[in-house]
Every structure is written in structure tokens, then in C-alpha cells.
$ cat start.cif   # mmCIF, C-alpha atoms
data_my_file
#
loop_
_atom_site.group_PDB
_atom_site.id
_atom_site.type_symbol
_atom_site.label_atom_id
_atom_site.label_comp_id
_atom_site.auth_asym_id
_atom_site.auth_seq_id
_atom_site.Cartn_x
_atom_site.Cartn_y
_atom_site.Cartn_z
ATOM 1 C CA MET A 1 35.537 15.862 8.667
ATOM 2 C CA SER A 2 37.087 12.468 9.325
ATOM 3 C CA TRP A 3 36.352 9.561 6.983
ATOM 4 C CA ILE A 4 36.063 7.281 10.017
ATOM 5 C CA ALA A 5 33.134 9.334 11.313
ATOM 6 C CA ILE A 6 31.349 9.146 7.948
ATOM 7 C CA ILE A 7 31.901 5.391 7.589
ATOM 8 C CA VAL A 8 30.809 4.564 11.152
ATOM 9 C CA LEU A 9 27.770 6.838 10.862
ATOM 10 C CA ALA A 10 26.835 5.209 7.536
ATOM 11 C CA ALA A 11 27.281 1.665 8.880
ATOM 12 C CA GLY A 12 25.410 2.418 12.105
ATOM 13 C CA THR A 13 22.542 4.098 10.263
ATOM 14 C CA TYR A 14 22.241 1.138 7.891
ATOM 15 C CA ALA A 15 22.210 -1.259 10.850
ATOM 16 C CA LEU A 16 19.365 0.723 12.446
ATOM 17 C CA ARG A 17 17.410 0.606 9.176
ATOM 18 C CA PHE A 18 18.079 -3.092 8.594
ATOM 19 C CA ALA A 19 17.304 -4.217 12.157
ATOM 20 C CA GLY A 20 13.597 -3.286 12.226
ATOM 21 C CA PRO A 21 12.266 -5.499 9.414
ATOM 22 C CA VAL A 22 14.606 -8.363 10.424
ATOM 23 C CA LEU A 23 13.477 -8.260 14.059
ATOM 24 C CA ARG A 24 9.845 -8.236 12.975
ATOM 25 C CA SER A 25 10.334 -11.306 10.788
ATOM 26 C CA ARG A 26 12.113 -13.161 13.608
ATOM 27 C CA LEU A 27 9.386 -12.542 16.135
ATOM 28 C CA SER A 28 5.970 -14.072 15.805
ATOM 29 C CA VAL A 29 3.911 -10.918 15.719
ATOM 30 C CA SER A 30 0.265 -11.125 16.738
ATOM 31 C CA ASP A 31 -2.311 -8.784 15.232
ATOM 32 C CA ALA A 32 -2.427 -6.813 18.485
ATOM 33 C CA VAL A 33 1.352 -6.300 18.421
ATOM 34 C CA LYS A 34 1.176 -5.327 14.737
ATOM 35 C CA ARG A 35 -1.317 -2.649 15.669
ATOM 36 C CA TYR A 36 1.012 -1.277 18.361
ATOM 37 C CA LEU A 37 3.964 -1.279 15.952
ATOM 38 C CA THR A 38 1.926 0.777 13.486
ATOM 39 C CA LEU A 39 0.836 3.096 16.298
ATOM 40 C CA ALA A 40 4.506 3.480 17.265
ATOM 41 C CA ALA A 41 5.214 4.780 13.755
ATOM 42 C CA VAL A 42 2.247 7.159 14.100
ATOM 43 C CA ALA A 43 3.683 8.475 17.385
ATOM 44 C CA LEU A 44 7.110 9.028 15.772
ATOM 45 C CA LEU A 45 5.612 10.740 12.709
ATOM 46 C CA ALA A 46 3.468 12.982 14.917
ATOM 47 C CA ALA A 47 6.552 13.909 16.943
ATOM 48 C CA LEU A 48 8.506 14.711 13.755
ATOM 49 C CA ILE A 49 5.610 16.777 12.395
ATOM 50 C CA GLY A 50 5.153 18.681 15.661
ATOM 51 C CA THR A 51 8.816 19.525 16.160
ATOM 52 C CA ALA A 52 9.472 20.261 12.475
ATOM 53 C CA ALA A 53 6.425 22.531 12.310
ATOM 54 C CA LEU A 54 7.095 24.553 15.443
ATOM 55 C CA LEU A 55 10.773 24.438 16.358
ATOM 56 C CA ASP A 56 14.075 25.478 14.857
ATOM 57 C CA GLY A 57 16.567 23.632 17.026
ATOM 58 C CA THR A 58 15.075 24.272 20.447
ATOM 59 C CA ASP A 59 13.510 27.671 19.737
ATOM 60 C CA PHE A 60 10.096 28.608 18.400
ATOM 61 C CA VAL A 61 10.508 28.990 14.662
ATOM 62 C CA GLY A 62 8.229 31.995 14.166
ATOM 63 C CA VAL A 63 4.797 32.342 12.630
ATOM 64 C CA ALA A 64 5.394 31.715 8.910
ATOM 65 C CA ARG A 65 6.233 27.994 9.028
ATOM 66 C CA PRO A 66 3.478 26.866 11.439
ATOM 67 C CA ALA A 67 0.976 28.964 9.461
ATOM 68 C CA GLY A 68 1.994 27.122 6.294
ATOM 69 C CA VAL A 69 1.663 23.752 8.018
ATOM 70 C CA VAL A 70 -1.787 24.676 9.390
ATOM 71 C CA VAL A 71 -2.984 25.674 5.898
ATOM 72 C CA GLY A 72 -1.637 22.354 4.588
ATOM 73 C CA ALA A 73 -3.293 20.474 7.445
ATOM 74 C CA VAL A 74 -6.710 22.011 6.765
ATOM 75 C CA LEU A 75 -6.454 21.199 3.058
ATOM 76 C CA ALA A 76 -5.338 17.619 3.828
ATOM 77 C CA TRP A 77 -8.227 17.215 6.263
ATOM 78 C CA ARG A 78 -10.585 18.477 3.540
ATOM 79 C CA LYS A 79 -9.101 15.682 1.399
ATOM 80 C CA LEU A 80 -7.559 17.943 -1.219
ATOM 81 C CA PRO A 81 -4.827 16.347 -3.356
ATOM 82 C CA PHE A 82 -1.428 15.859 -1.732
ATOM 83 C CA VAL A 83 0.288 18.124 -4.264
ATOM 84 C CA VAL A 84 -2.094 20.970 -3.367
ATOM 85 C CA VAL A 85 -1.375 20.439 0.355
ATOM 86 C CA VAL A 86 2.393 20.598 -0.133
ATOM 87 C CA VAL A 87 2.370 23.584 -2.496
ATOM 88 C CA ALA A 88 -0.127 25.548 -0.376
ATOM 89 C CA ALA A 89 1.931 24.983 2.777
ATOM 90 C CA ALA A 90 5.128 26.176 1.074
ATOM 91 C CA LEU A 91 3.415 29.112 -0.623
ATOM 92 C CA THR A 92 1.795 30.308 2.611
ATOM 93 C CA ALA A 93 5.114 30.315 4.477
ATOM 94 C CA ALA A 94 6.979 31.895 1.548
ATOM 95 C CA LEU A 95 4.398 34.687 1.063
ATOM 96 C CA LEU A 96 4.285 35.482 4.780
ATOM 97 C CA ARG A 97 8.068 35.832 4.786
ATOM 98 C CA LEU A 98 7.915 37.963 1.657
ATOM 99 C CA ALA A 99 5.516 40.207 3.576
ATOM 100 C CA GLY A 100 8.099 40.499 6.319
ATOM 101 C CA ILE A 101 6.440 38.074 8.753
ATOM 102 C CA GLN A 102 8.967 35.542 9.981
ATOM 103 C CA MET B 1 5.547 18.183 -12.553
ATOM 104 C CA ILE B 2 5.264 14.784 -14.185
ATOM 105 C CA ARG B 3 2.016 14.295 -16.156
ATOM 106 C CA THR B 4 0.511 11.119 -14.877
ATOM 107 C CA ARG B 5 -2.725 9.531 -13.729
ATOM 108 C CA ASP B 6 -0.893 7.536 -11.090
ATOM 109 C CA PRO B 7 -1.567 9.357 -7.814
ATOM 110 C CA ILE B 8 1.465 7.920 -6.012
ATOM 111 C CA VAL B 9 3.893 8.973 -8.780
ATOM 112 C CA ARG B 10 2.322 12.433 -8.827
ATOM 113 C CA ASP B 11 2.535 12.795 -5.036
ATOM 114 C CA VAL B 12 6.098 11.509 -4.828
ATOM 115 C CA SER B 13 7.228 13.920 -7.548
ATOM 116 C CA ALA B 14 5.889 16.827 -5.453
ATOM 117 C CA LEU B 15 8.023 15.646 -2.549
ATOM 118 C CA CYS B 16 11.053 15.232 -4.823
ATOM 119 C CA ALA B 17 10.710 18.833 -6.005
ATOM 120 C CA ALA B 18 10.986 19.955 -2.377
ATOM 121 C CA ALA B 19 13.887 17.557 -1.772
ATOM 122 C CA VAL B 20 15.817 19.105 -4.683
ATOM 123 C CA VAL B 21 15.887 22.475 -2.936
ATOM 124 C CA VAL B 22 17.012 20.947 0.360
ATOM 125 C CA GLY B 23 19.626 18.733 -1.347
ATOM 126 C CA LEU B 24 21.126 21.674 -3.229
ATOM 127 C CA SER B 25 21.267 23.580 0.027
ATOM 128 C CA PHE B 26 22.964 20.663 1.820
ATOM 129 C CA GLY B 27 25.671 20.395 -0.856
ATOM 130 C CA ALA B 28 26.297 24.134 -0.760
ATOM 131 C CA ILE B 29 26.403 24.336 3.056
ATOM 132 C CA ALA B 30 28.674 21.272 3.362
ATOM 133 C CA THR B 31 31.089 22.774 0.831
ATOM 134 C CA ALA B 32 31.061 26.076 2.702
ATOM 135 C CA ALA B 33 31.881 24.142 5.903
ATOM 136 C CA GLY B 34 35.006 22.812 4.193
ATOM 137 C CA LEU B 35 33.933 19.275 3.275
ATOM 138 C CA PRO B 36 35.487 17.906 0.083
ATOM 139 C CA LEU B 37 33.150 16.779 -2.712
ATOM 140 C CA SER B 38 34.090 13.118 -2.134
ATOM 141 C CA GLN B 39 32.844 13.212 1.460
ATOM 142 C CA ILE B 40 29.614 14.992 0.500
ATOM 143 C CA VAL B 41 28.885 12.404 -2.215
ATOM 144 C CA VAL B 42 29.691 9.444 0.059
ATOM 145 C CA MET B 43 27.644 10.865 2.931
ATOM 146 C CA SER B 44 24.566 11.439 0.762
ATOM 147 C CA ALA B 45 24.843 7.956 -0.757
ATOM 148 C CA PHE B 46 25.662 5.907 2.341
ATOM 149 C CA VAL B 47 24.422 7.830 5.372
ATOM 150 C CA TYR B 48 21.438 9.055 3.328
ATOM 151 C CA ALA B 49 19.640 10.887 6.125
ATOM 152 C CA GLY B 50 19.089 14.605 5.627
ATOM 153 C CA GLY B 51 18.733 15.501 9.295
ATOM 154 C CA ALA B 52 21.860 13.604 10.371
ATOM 155 C CA GLN B 53 23.853 15.030 7.439
ATOM 156 C CA PHE B 54 22.970 18.638 8.292
ATOM 157 C CA LEU B 55 23.707 17.891 11.948
ATOM 158 C CA ALA B 56 27.130 16.406 11.083
ATOM 159 C CA VAL B 57 28.085 19.425 8.967
ATOM 160 C CA GLY B 58 26.930 21.752 11.741
ATOM 161 C CA LEU B 59 29.096 19.878 14.260
ATOM 162 C CA VAL B 60 32.099 20.033 11.910
ATOM 163 C CA SER B 61 31.707 23.806 11.680
ATOM 164 C CA ALA B 62 31.472 24.001 15.471
ATOM 165 C CA GLY B 63 34.657 21.914 15.858
ATOM 166 C CA GLY B 64 32.904 18.744 17.055
ATOM 167 C CA THR B 65 34.901 15.532 17.405
ATOM 168 C CA ALA B 66 34.345 12.457 15.204
ATOM 169 C CA LEU B 67 32.828 10.649 18.186
ATOM 170 C CA ALA B 68 30.362 13.485 18.807
ATOM 171 C CA ILE B 69 29.336 13.462 15.144
ATOM 172 C CA VAL B 70 28.753 9.697 15.113
ATOM 173 C CA LEU B 71 26.829 9.617 18.409
ATOM 174 C CA ALA B 72 24.646 12.606 17.521
ATOM 175 C CA GLY B 73 23.914 11.192 14.061
ATOM 176 C CA LEU B 74 23.052 7.720 15.336
ATOM 177 C CA LEU B 75 20.793 9.143 18.046
ATOM 178 C CA LEU B 76 18.954 11.163 15.420
ATOM 179 C CA ASN B 77 18.648 8.101 13.163
ATOM 180 C CA ALA B 78 17.598 5.663 15.905
ATOM 181 C CA ARG B 79 13.926 6.222 14.962
ATOM 182 C CA HIS B 80 14.582 4.166 11.820
ATOM 183 C CA LEU B 81 14.540 0.997 13.930
ATOM 184 C CA PRO B 82 10.949 1.357 15.186
ATOM 185 C CA PHE B 83 9.964 2.569 11.707
ATOM 186 C CA GLY B 84 11.387 -0.663 10.259
ATOM 187 C CA LEU B 85 9.518 -2.703 12.873
ATOM 188 C CA ALA B 86 6.302 -0.966 11.812
ATOM 189 C CA ILE B 87 6.627 -1.597 8.076
ATOM 190 C CA GLY B 88 8.303 -5.034 8.171
ATOM 191 C CA ASN B 89 9.555 -7.256 5.378
ATOM 192 C CA GLU B 90 6.124 -7.429 3.745
ATOM 193 C CA THR B 91 6.627 -3.789 2.745
ATOM 194 C CA LEU B 92 10.234 -4.210 1.610
ATOM 195 C CA GLY B 93 9.520 -7.351 -0.436
ATOM 196 C CA ALA B 94 10.211 -11.047 -0.244
ATOM 197 C CA SER B 95 13.643 -11.427 -1.826
ATOM 198 C CA ARG B 96 16.912 -11.066 0.060
ATOM 199 C CA TRP B 97 18.030 -8.387 -2.380
ATOM 200 C CA ARG B 98 14.895 -6.304 -1.738
ATOM 201 C CA ARG B 99 15.488 -6.497 1.989
ATOM 202 C CA ILE B 100 19.103 -5.382 1.704
ATOM 203 C CA VAL B 101 18.435 -2.479 -0.686
ATOM 204 C CA GLY B 102 14.990 -1.692 0.702
ATOM 205 C CA SER B 103 16.366 -1.113 4.206
ATOM 206 C CA HIS B 104 18.684 1.602 2.933
ATOM 207 C CA ILE B 105 15.875 3.689 1.417
ATOM 208 C CA LEU B 106 13.908 3.764 4.670
ATOM 209 C CA THR B 107 13.188 7.407 5.492
ATOM 210 C CA ASP B 108 10.429 9.285 7.327
ATOM 211 C CA GLU B 109 8.833 9.976 3.955
ATOM 212 C CA SER B 110 8.987 6.450 2.493
ATOM 213 C CA VAL B 111 7.511 5.051 5.728
ATOM 214 C CA ALA B 112 4.777 7.693 5.775
ATOM 215 C CA PHE B 113 3.896 7.039 2.128
ATOM 216 C CA ALA B 114 3.746 3.277 2.794
ATOM 217 C CA LEU B 115 1.585 3.614 5.906
ATOM 218 C CA ALA B 116 -0.841 5.866 4.020
ATOM 219 C CA GLN B 117 -1.816 2.898 1.781
ATOM 220 C CA ASP B 118 -4.279 0.219 2.869
ATOM 221 C CA ASP B 119 -3.501 -2.600 0.503
ATOM 222 C CA PRO B 120 -0.171 -4.501 1.035
ATOM 223 C CA ALA B 121 0.765 -4.427 -2.689
ATOM 224 C CA GLN B 122 0.123 -0.670 -2.886
ATOM 225 C CA ARG B 123 2.072 -0.248 0.340
ATOM 226 C CA ARG B 124 5.118 -1.969 -1.157
ATOM 227 C CA ARG B 125 4.818 0.028 -4.357
ATOM 228 C CA ALA B 126 4.501 3.363 -2.511
ATOM 229 C CA TYR B 127 7.493 2.529 -0.297
ATOM 230 C CA TRP B 128 9.772 1.654 -3.198
ATOM 231 C CA LEU B 129 8.656 4.515 -5.436
ATOM 232 C CA THR B 130 9.177 7.063 -2.668
ATOM 233 C CA GLY B 131 12.413 5.492 -1.466
ATOM 234 C CA VAL B 132 14.105 5.201 -4.856
ATOM 235 C CA ALA B 133 12.874 8.581 -6.163
ATOM 236 C CA LEU B 134 14.009 10.431 -3.036
ATOM 237 C CA PHE B 135 17.358 8.610 -2.970
ATOM 238 C CA VAL B 136 18.141 9.551 -6.571
ATOM 239 C CA THR B 137 16.882 13.115 -6.096
ATOM 240 C CA TRP B 138 18.790 13.668 -2.863
ATOM 241 C CA ASN B 139 22.077 12.365 -4.261
ATOM 242 C CA ILE B 140 21.934 14.326 -7.505
ATOM 243 C CA ALA B 141 20.815 17.528 -5.777
ATOM 244 C CA SER B 142 23.431 17.419 -3.017
ATOM 245 C CA THR B 143 26.208 16.703 -5.534
ATOM 246 C CA VAL B 144 25.099 19.562 -7.787
ATOM 247 C CA GLY B 145 24.819 21.830 -4.746
ATOM 248 C CA ALA B 146 28.337 20.891 -3.671
ATOM 249 C CA ILE B 147 29.805 21.624 -7.108
ATOM 250 C CA ALA B 148 27.761 24.590 -8.268
ATOM 251 C CA GLY B 149 26.417 25.964 -4.987
ATOM 252 C CA SER B 150 22.731 26.555 -4.586
ATOM 253 C CA ALA B 151 21.594 29.450 -6.748
ATOM 254 C CA LEU B 152 18.243 29.039 -5.004
ATOM 255 C CA GLY B 153 19.660 30.086 -1.640
ATOM 256 C CA ASP B 154 17.906 29.404 1.657
ATOM 257 C CA PRO B 155 15.153 26.737 1.216
ATOM 258 C CA ASN B 156 13.039 28.592 3.785
ATOM 259 C CA ARG B 157 12.575 31.389 1.247
ATOM 260 C CA TYR B 158 10.342 29.021 -0.709
ATOM 261 C CA GLY B 159 8.601 27.694 2.367
ATOM 262 C CA ILE B 160 10.165 24.241 1.918
ATOM 263 C CA ASP B 161 10.468 24.040 5.715
ATOM 264 C CA ALA B 162 6.646 24.161 5.885
ATOM 265 C CA ALA B 163 6.196 21.751 2.970
ATOM 266 C CA PHE B 164 7.852 18.735 4.650
ATOM 267 C CA PRO B 165 5.860 18.697 7.916
ATOM 268 C CA ALA B 166 2.672 19.404 5.931
ATOM 269 C CA ALA B 167 3.468 16.474 3.618
ATOM 270 C CA LEU B 168 4.110 14.109 6.540
ATOM 271 C CA LEU B 169 0.887 15.321 8.153
ATOM 272 C CA ALA B 170 -1.142 14.646 5.003
ATOM 273 C CA LEU B 171 0.361 11.140 4.841
ATOM 274 C CA THR B 172 -0.258 10.435 8.537
ATOM 275 C CA LEU B 173 -3.917 11.572 8.618
ATOM 276 C CA PRO B 174 -5.263 8.308 7.100
ATOM 277 C CA SER B 175 -3.608 6.379 9.969
ATOM 278 C CA LEU B 176 -5.610 8.363 12.534
ATOM 279 C CA LYS B 177 -8.560 6.045 12.101
ATOM 280 C CA ASP B 178 -9.743 5.726 15.687
ATOM 281 C CA SER B 179 -9.588 7.662 18.934
ATOM 282 C CA ALA B 180 -6.671 5.544 20.204
ATOM 283 C CA SER B 181 -4.446 6.529 17.279
ATOM 284 C CA VAL B 182 -5.390 10.199 17.682
ATOM 285 C CA ARG B 183 -4.505 10.048 21.395
ATOM 286 C CA VAL B 184 -1.156 8.395 20.590
ATOM 287 C CA ALA B 185 -0.349 11.017 17.931
ATOM 288 C CA VAL B 186 -1.257 13.990 20.136
ATOM 289 C CA ALA B 187 0.637 12.545 23.105
ATOM 290 C CA GLY B 188 3.676 11.739 20.940
ATOM 291 C CA ALA B 189 3.857 15.245 19.499
ATOM 292 C CA ALA B 190 3.336 16.814 22.945
ATOM 293 C CA ILE B 191 6.095 14.702 24.538
ATOM 294 C CA ALA B 192 8.559 15.557 21.742
ATOM 295 C CA LEU B 193 7.756 19.282 21.885
ATOM 296 C CA ALA B 194 8.007 19.423 25.678
ATOM 297 C CA THR B 195 11.341 17.582 25.849
ATOM 298 C CA THR B 196 13.124 19.131 22.845
ATOM 299 C CA PRO B 197 14.557 22.078 24.845
ATOM 300 C CA LEU B 198 15.982 19.656 27.429
ATOM 301 C CA LEU B 199 17.427 16.730 25.457
ATOM 302 C CA PRO B 200 19.826 16.126 22.555
ATOM 303 C CA ALA B 201 18.277 15.980 19.060
ATOM 304 C CA GLY B 202 16.661 12.634 18.275
ATOM 305 C CA LEU B 203 15.819 11.638 21.835
ATOM 306 C CA PRO B 204 12.599 13.700 22.096
ATOM 307 C CA VAL B 205 11.195 11.960 18.998
ATOM 308 C CA LEU B 206 12.072 8.547 20.495
ATOM 309 C CA LEU B 207 10.419 9.515 23.790
ATOM 310 C CA ALA B 208 7.238 10.112 21.777
ATOM 311 C CA LEU B 209 6.921 6.299 21.755
ATOM 312 C CA LEU B 210 5.762 6.644 25.381
ATOM 313 C CA GLY B 211 2.596 8.082 23.830
ATOM 314 C CA LEU B 212 1.714 4.450 23.011
ATOM 315 C CA ALA B 213 0.542 4.163 26.605
ATOM 316 C CA PHE B 214 -2.519 6.146 25.498
ATOM 317 C CA ALA B 215 -3.567 3.252 23.266
ATOM 318 C CA LEU B 216 -3.509 0.684 26.064
ATOM 319 C CA PRO B 217 -6.895 -0.581 27.198
ATOM 320 C CA VAL B 218 -7.941 1.158 30.402
ATOM 321 C CA PRO B 219 -8.201 -1.394 33.245
ATOM 322 C CA GLY B 220 -11.714 -1.823 34.527
ATOM 323 C CA SER B 221 -13.328 -0.046 31.596
ATOM 324 C CA LYS B 222 -15.601 -1.808 29.149
ATOM 325 C CA ARG B 223 -14.068 -2.389 25.757
ATOM 326 C CA ARG B 224 -15.846 -0.196 23.300
ATOM 327 C CA PRO B 225 -15.801 -1.000 19.621
ATOM 328 C CA SER B 226 -13.629 1.657 17.963
#

$ encode --input "start.cif" --output "C-alpha cells"
Amino acid sequence: MSWIAIIVLAAGTYALRFAGPVLRSRLSVSDAVKRYLTLAAVALLAALIGTAALLDGTDFVGVARPAGVVVGAVLAWRKLPFVVVVVAAALTAALLRLAGIQ
Amino acid sequence: MIRTRDPIVRDVSALCAAAVVVGLSFGAIATAAGLPLSQIVVMSAFVYAGGAQFLAVGLVSAGGTALAIVLAGLLLNARHLPFGLAIGNETLGASRWRRIVGSHILTDESVAFALAQDDPAQRRRAYWLTGVALFVTWNIASTVGAIAGSALGDPNRYGIDAAFPAALLALTLPSLKDSASVRVAVAGAAIALATTPLLPAGLPVLLALLGLAFALPVPGSKRRPS
């Protein structure tokens, strides 16, 4: 892999990370806009959760992973501790795969 | 697991345990793809984005050009800009130094942990704890994986691939306070899922921002208190 690619990717990624907070401090942000900026993060997180839970690349990932995420989701909704949510999600997917269900 | 009464430290350590497995796997896969240790270490420290790093290694294996690697990685990482707009400098901290370092540790997880807190001081603390802990974990794990390989093998065996979306979900639930935020979340996920087969990685997640339209006040309707 070329060093140029790594350096440009690193610099570009840092610029993307740095730009958000700087832009927000330069603009005078009303409470309404603040709310939309938070909602934008919610939309992105939901998109990441949805695609990470269901897809591997562009294909359906199989049953085990979504089943684990659903178990985690139910436990999170029932307000169980975060650690329990994460471990239960992983354990569900791992046990299903152990049982031969992908 | 670390013994502590501090819920944020406890929660972050759970995420770090999962990140160890993925980091080891990244180091091992990157080495198998022919990357030298120096490049793996520099990538984990300075690109510091798991998705883009796996994507870059995959493109190297497939014979992708440097330009393709950079463009694909930046497209995948473009979501960091709206994430940064959402958290702002109040989450990073007041000093110049905190802004410079704090920007680098912005990840899906550190943003999600920050947004899950109500109080601004707790928000800042959660962001920094998550950011620093994951940065250290990711760098050590990927370096060890590159040198020693991952004796643990495929992270999916342990269900780590289910742990990360479940963790993000648990952290996002508190933000779904009203019907508008639920509509935005459902629309965002639906848009990303529907467009993923058609578009390059990264773009479907950005398109999810169109889901914000579902939070706009409906013209002609009475404003209801939410």
C-alpha cells in the first residue's frame, strides 16, 4: 500500500473530524438548529445500526447477527445495564453460529 | 472487567473488550494482505477509523489504486463532519489543545456515548473517556494482531459483529425522546438500507440525513407539544 494513500487518508479524515466542531463554533446556532444537528446524528447512528445489523457489504448477513442485535435491543429497551446488552447480543449471535445457524 | 461504580467507565470497558477482538483481527488481516507493520501502526494511529482501515486493506488485496483507497476511505469517513457539528466544541472542551486532540478521537462510539448523556459536563467526560480508551485499545490491539496474528480468529465467532450495533442502539435509545426523533431514526435507517446495494460504502449512511425531513413541522398542521 502506498504511503501517500495512508497520509492523504489520515489528513483528510482528520480534516473531516476537525471541521464539524469548528463550523459549529463559527456559526451562531439557534436552539432549533441545535436540535436538528442532534437529530442529524441520530439519523446517522440509526443508519449505521441498521446497516451494521443487517448487511455484510451489500448482502443480507444471515440470521445470527440480527438476532443478537434484537436481543440486545430488547434488553436496552427494558433498561438493563449496557454491559448486559452488549454481552447478550454477542452471546446470542455466537451461540446461534455454534448451533450451525449463520 | 474493571471493578468500578462509575457507570461510564464500566460501559466503556465493555466496548473496549469488543474493540480488542476487532483490532487484533485488523492487524492480522492487514499483515496477511502484505502491509508492513509500520503502515499498520501509522494507519491505526493517524487514520484511526476501523471501517475505513478494513476497507483500505480490502482494496489493497483487490489491487485498488491509491486514489481509489483515499476516495473510498474519505467517503466512508465523511459522516464524521455532521457528527462533529452535532457534538460541537462544548463536548470537546474549551482549550485549543482539547479541540485539536479531541477531534481526532471522534468515532461513532464516542459520539454515541456523548449524546447518551444529558448534562454537558457528563457529556464531555463520556466523550473523552470513550475516545481515549478506544484509541489506546485499538492501537495496541491492531499492533499486537499485526505482530502475533490473532489467535482469536474471526471476531464473528464471538458475536462481536452483533455487539457493536447493539451497543450503538443502546446508546441511541435515550435520544429517541419524542415522535420526531423516532421518525428521523426509522427513516434514516430505511434510507441507508434501501440504498446500500446501489451506492458506494459511506454514501447510504450520509443519505440517511434526508430522514431529517421527517422532523420538519408539517405545514398547515397545529403544533402539538411533543

$ interface_residues --input "start.cif" --of "chain A" --to "chain B" --cutoff "7 Å" --atoms "only C-alpha atoms" --output "PyMOL selection string"
chain A and resi 1-2+5-6+8-10+12-14+16-21+23-25+37-44+46-53+58+65-66+68-69+72-73+76+82-83+85-87+89-91+93-94

$ atom_distance --input "start.cif" --atom1 "CA of Val63 (chain A)" --atom2 "CA of Leu96 (chain A)"
8.5 Å

$ atom_distance --input "start.cif" --atom1 "CA of Gln122 (chain B)" --atom2 "CA of Val136 (chain B)"
21.0 Å

$ atom_distance --input "start.cif" --atom1 "CA of Ile101 (chain A)" --atom2 "CA of Gly57 (chain A)"
19.5 Å
